[in-house]
Amino acid sequence: MPYESPEFGASDPPNPESWALSIDTLYATGGQQIELPETGVTVFVGGNNAGKSSMLNSINEQLMDAANQSLAVTHLSLRRRGRGIDFESWLTQHAHMNVGESGGPIFTRAKDAGEFVTLQQAEARWDQFRSQRERHSLGELYSFLVHVSTVTQRANMVSVSAMQRLRRSDQPRSVLSLFEFDKDLFEQFSSLSERIFRQPLTLNYLIGQLSLHVGRVDVAPPPIDAPDETYAEAVMALPPLGSQGDGMKSMLGLLMPIITASYPIIIMDEPEAFLHPPQAFELGKAVATIARERRVQVIAATHDRNFLTGLLQPRVPVSVVRLERFGAGAARTTQLQDARLKGLWQDPVVRYSNVLDGLFHRFVVIAEADDDCRFYNAALDAANDEEEQATKGLEGTHIPPSEALFVPSNGKAAMADIAATLVELGVRVIVTPDLDILNEEGTLSKLVRALGYDWKLFQGPYRAATQSFRSSRGPAKSSDVLMAVSSVLEIDPYRIYDDELKSQVLAQMRSSESPWAALKRYGVKAFTNPSEYVHATRLLDALDAIGLIVLREGELERLAPGVDVRKGPRWLRASLEAGAHTHSPAQHHIHKVAAIAAQEPISPGALAAILA
């Protein structure tokens with residue numbers, strides 16, 4: 001809830017450190033509440049067209065008290081702390097100063113907007129705003145308290161010059177002015193440039209105007225009362241920062257208002273624009289660290305995993321909000337607060353895999369192995385060829401492969417852990433194992449729970465469908481073992497009997513002793529008992545509905561029956577060269593994956609109806 005610090009006495013002197021403003025809670029259109037850390041970063045993520053920019057626009061409109069066009073946020077609440085004289089003191093340090101018609105100082109943020117306050121007005125307006133607890137927009141104070149960082153604005157910020165001040169006590173004319181009498185602050189800014197771009201900065205104050213240049217000079221700066229032409233020429237020979245690439249200008253323009261703490265609330269869209277991955281990582285790290293040190297609240301929207309992982313490096317409060325949109329409705333939000341997010345970040349599966357990339361995709365498909373992922377990715381690519389699909393009597397999926405992330409689990413056992421992590425992050429998850437997962441009730445039930453459903457709903461149909469498979473059986477005969485070994489070796493009789501082939505033979509020998517082997521070989525046709533077939537179909541339909549889409553053909557290789565290579569690394573190349581990913585079995589499966597991924601998760605009531 002919003003809070004205030006204890007009141008000060010009337011005789012207490014102004015203290016800018018006791019003044020603060022931040023957003024406490026956002027109330028999203030879908031009914032969700034999003035709580036923002038007071039200092040630190042809240043970052044919005046999601047797939048394409050999930051509504052990230054609309055969310056930032058809506059927050060900005062709420063703060064301005066403008067007409068809310070995007071409707072992503074219905075209203076918000078604010079934290080406000082400090083007295084009017086504290087606000088006046090803070091404003092003196094951070095706002096731009098001009099001279100009013102009466103000759104006295106006025107503060108302004110926008111040169112042409114006519115928005116200004118005098119010292120006395122600043123104090124009165126803050127006290128009035130602070131007393132109106134039901135008021136949650138900033139109104140006429142907005143331009144002094146909120147900075148919106150766009151790509152264009154960031155580049156312009158480092159390209160313009162500013163008038164020098166005569167004394168430190170003079171009000172700053174721009175954000176750049178805040179470096180003029182604070183060498184340590186400028187050195188911190190320059191060191192960030194040097195760390196990320198390998199280029200330090202120089203603040204040029206020789207021409208009555210402040211400007212930024214790239215590089216340093218070997219000549220020591222002269223005393224102010226003894227100008228040195230050599231030093232002046234060396235500084236003017238340095239390239240202006242405004243002449244550099246878009247990435248450098250955008251990033252340093254983004255950091256300037258944070259490092260100077262010249263606004264308490266900063267909204268930034270696509271902070272990673274124009275940056276290479278290592279630079280985006282360093283930017284995230286810098287934004288988080290400075291936000292904490294300068295007591296700034298940053299609200300960002302990003303498409304970049306590197307920027308997000310950079311945010312997670314320092315010990316800074318970070319909240320991640322994933323947006324997901326189904327159809328034309330309002331975006332659904334899932335928030336991970338700082339403590340839980342940092343806990344997940346310690347998980348090696350999250351930290352050292354591509355799982356976190358799922359935050360920036362429409363959905364994630366978890367498959368058993370890397371070859372499975374590549375084959376399904378190729379199938380989805382083919383599914384977007386509408387002309388090709390028409391020849392098969394199918395419609396295109398209208399979901400580009402770029403919106404899906406395929407994650408290998410390296411076996412069925414790890415699927416549930418990966419799925420649970422992604423579900424907690426608010427990611428739409430599809431899991432597609434081979435049919436023999438029915439052999440492992442423990443693994444299957446864990447997967448169902450990881451997707452957010454109760455295994456008890458499935459247990460009855462599962463046991464009814466697999467009763468004969470789970471019954472006792474006699475020992476394998478020699479003919480069973482011979483058939484199992486032959487099924488592997490006869491594919492390529494002249495192949496060297498290497499370790500990989502040996503593993504396949506041993507695996508097939510073990511499976512020959514179990515009736516479950518028929519599931520991988522024959523798919524759902526292995527349910528030869530009519531009653532069990534009915535139960536199995538109902539079970540698989542229900543699993544499909546929750547996003548656990550079991551391959552009904554049995555195993556991946558059954559989607560390419562005409563390929564001579566049975567398994568191994570050569571199978572993927574052979575199957576793709578044969579076009580198996582474009583054929584009906586593979587296309588029906590990937591169309592089902594895409595269709596279910598595009599739907600909202602099924603309700604328990606609708607799921608019970610399928611299983612009834």
# chains A, B, ... in the order shown; residues from 1 in each chain; ligands from 1

call {"tool": "residues_around", "arguments": {"residues": "Glu123 (chain A)", "least_positions_apart": "6", "cutoff": "9 Å", "atoms": "only C-alpha atoms", "output": "PDB file with N, CA, C and O atoms, in the first residue's frame"}}
result
ATOM      1  N   ARG A  83       7.794  16.953   2.277  1.00  0.00           N
ATOM      2  CA  ARG A  83       7.022  18.189   2.312  1.00  0.00           C
ATOM      3  C   ARG A  83       7.279  19.019   1.054  1.00  0.00           C
ATOM      4  O   ARG A  83       8.174  18.724   0.267  1.00  0.00           O
ATOM      5  N   GLY A  84       6.498  20.065   0.931  1.00  0.00           N
ATOM      6  CA  GLY A  84       6.672  20.949  -0.212  1.00  0.00           C
ATOM      7  C   GLY A  84       8.047  21.570  -0.254  1.00  0.00           C
ATOM      8  O   GLY A  84       8.647  21.715  -1.327  1.00  0.00           O
ATOM      9  N   ILE A  85       8.581  21.948   0.929  1.00  0.00           N
ATOM     10  CA  ILE A  85       9.913  22.558   0.929  1.00  0.00           C
ATOM     11  C   ILE A  85      10.993  21.539   0.560  1.00  0.00           C
ATOM     12  O   ILE A  85      12.045  21.906   0.027  1.00  0.00           O
ATOM     13  N   ASP A  86      10.745  20.244   0.840  1.00  0.00           N
ATOM     14  CA  ASP A  86      11.686  19.205   0.421  1.00  0.00           C
ATOM     15  C   ASP A  86      11.645  19.034  -1.096  1.00  0.00           C
ATOM     16  O   ASP A  86      12.678  18.852  -1.744  1.00  0.00           O
ATOM     17  N   PHE A  87      10.434  19.089  -1.645  1.00  0.00           N
ATOM     18  CA  PHE A  87      10.279  18.998  -3.100  1.00  0.00           C
ATOM     19  C   PHE A  87      10.954  20.196  -3.773  1.00  0.00           C
ATOM     20  O   PHE A  87      11.639  20.049  -4.789  1.00  0.00           O
ATOM     21  N   GLU A  88      10.763  21.375  -3.194  1.00  0.00           N
ATOM     22  CA  GLU A  88      11.390  22.576  -3.740  1.00  0.00           C
ATOM     23  C   GLU A  88      12.915  22.435  -3.745  1.00  0.00           C
ATOM     24  O   GLU A  88      13.598  22.783  -4.717  1.00  0.00           O
TER      25      GLU A  88
END

call {"tool": "residues_around", "arguments": {"residues": "region 555-564 of chain A", "least_positions_apart": "6", "cutoff": "9 Å", "atoms": "only C-alpha atoms", "output": "number ranges by chain"}}
result
A: 372, 375, 433-436, 491-492, 519-523, 571, 574-576, 578-581, 583-586

call {"tool": "residues_around", "arguments": {"residues": "region 17-31 of chain A", "least_positions_apart": "4", "cutoff": "9 Å", "atoms": "only C-alpha atoms", "output": "PyMOL selection string"}}
result
chain A and resi 1-2+5+35-39+55+59+71-84+86-87+89-90+145+264-265+295-297+329-333

call {"tool": "atom_distance", "arguments": {"atom1": "CA of Arg133 (chain A)", "atom2": "CA of Gln62 (chain A)"}}
result
15.5 Å

call {"tool": "select_by_dssp", "arguments": {"residues": "region 399-550 of chain A", "states": "strand (DSSP E)", "output": "list in words"}}
result
Ala404, Leu405, Phe406, Val407, Pro408, Val429, Ile430 and Val431 of chain A

call {"tool": "write_last_selection", "arguments": {"atoms": "C-alpha atoms", "output": "compact mmCIF listing (two decimals), in the first residue's frame"}}
result
# COMPACT_ATOMS: atom_id res chain seq x y z
CA ALA A 404 7.74 -20.22 -30.97
CA LEU A 405 10.73 -21.34 -28.94
CA PHE A 406 11.64 -25.04 -29.06
CA VAL A 407 13.43 -26.25 -25.93
CA PRO A 408 15.02 -29.73 -25.68
CA VAL A 429 3.87 -24.05 -22.65
CA ILE A 430 3.33 -27.04 -24.94
CA VAL A 431 5.01 -30.34 -24.06

call {"tool": "select_by_dssp", "arguments": {"residues": "region 232-459 of chain A", "states": "helix (DSSP H, G or I)", "output": "VMD selection string"}}
result
chain A and resid 232 to 237 241 to 243 246 to 259 277 to 293 305 to 311 338 to 345 348 to 351 355 to 360 370 to 383 386 to 391 401 to 403 415 to 424 435 to 439 441 to 450 456 to 459

call {"tool": "closest_residue", "arguments": {"among": "A:Leu312, A:Ala369, A:Ala545, A:Leu572", "to": "Gln346 (chain A)", "atoms": "only C-alpha atoms"}}
result
A:Leu312

call {"tool": "closest_residue", "arguments": {"among": "A:Arg351, A:Arg449, A:Lys52, A:His361", "to": "Ala419 (chain A)", "atoms": "only C-alpha atoms"}}
result
A:Arg449

call {"tool": "closest_residue", "arguments": {"among": "A:Ile418, A:Ala383, A:Ala606, A:Ala367", "to": "Val350 (chain A)", "atoms": "only C-alpha atoms"}}
result
A:Ile418

call {"tool": "atom_distance", "arguments": {"atom1": "CA of Gln335 (chain A)", "atom2": "CA of Val298 (chain A)"}}
result
15.9 Å

call {"tool": "residues_around", "arguments": {"residues": "Leu166 (chain A)", "least_positions_apart": "6", "cutoff": "12 Å", "atoms": "only C-alpha atoms", "output": "list of chain:residue names"}}
result
A:Pro172, A:Arg173, A:Ser177, A:Glu180, A:Phe181, A:Tyr205, A:Gly208, A:Gln209

call {"tool": "atom_distance", "arguments": {"atom1": "CA of Val217 (chain A)", "atom2": "CA of Pro257 (chain A)"}}
result
26.0 Å

call {"tool": "residues_around", "arguments": {"residues": "Met64 (chain A)", "least_positions_apart": "5", "cutoff": "7 Å", "atoms": "only C-alpha atoms", "output": "list of chain:residue names"}}
result
A:Ser137, A:Leu138, A:Gly139, A:Tyr142
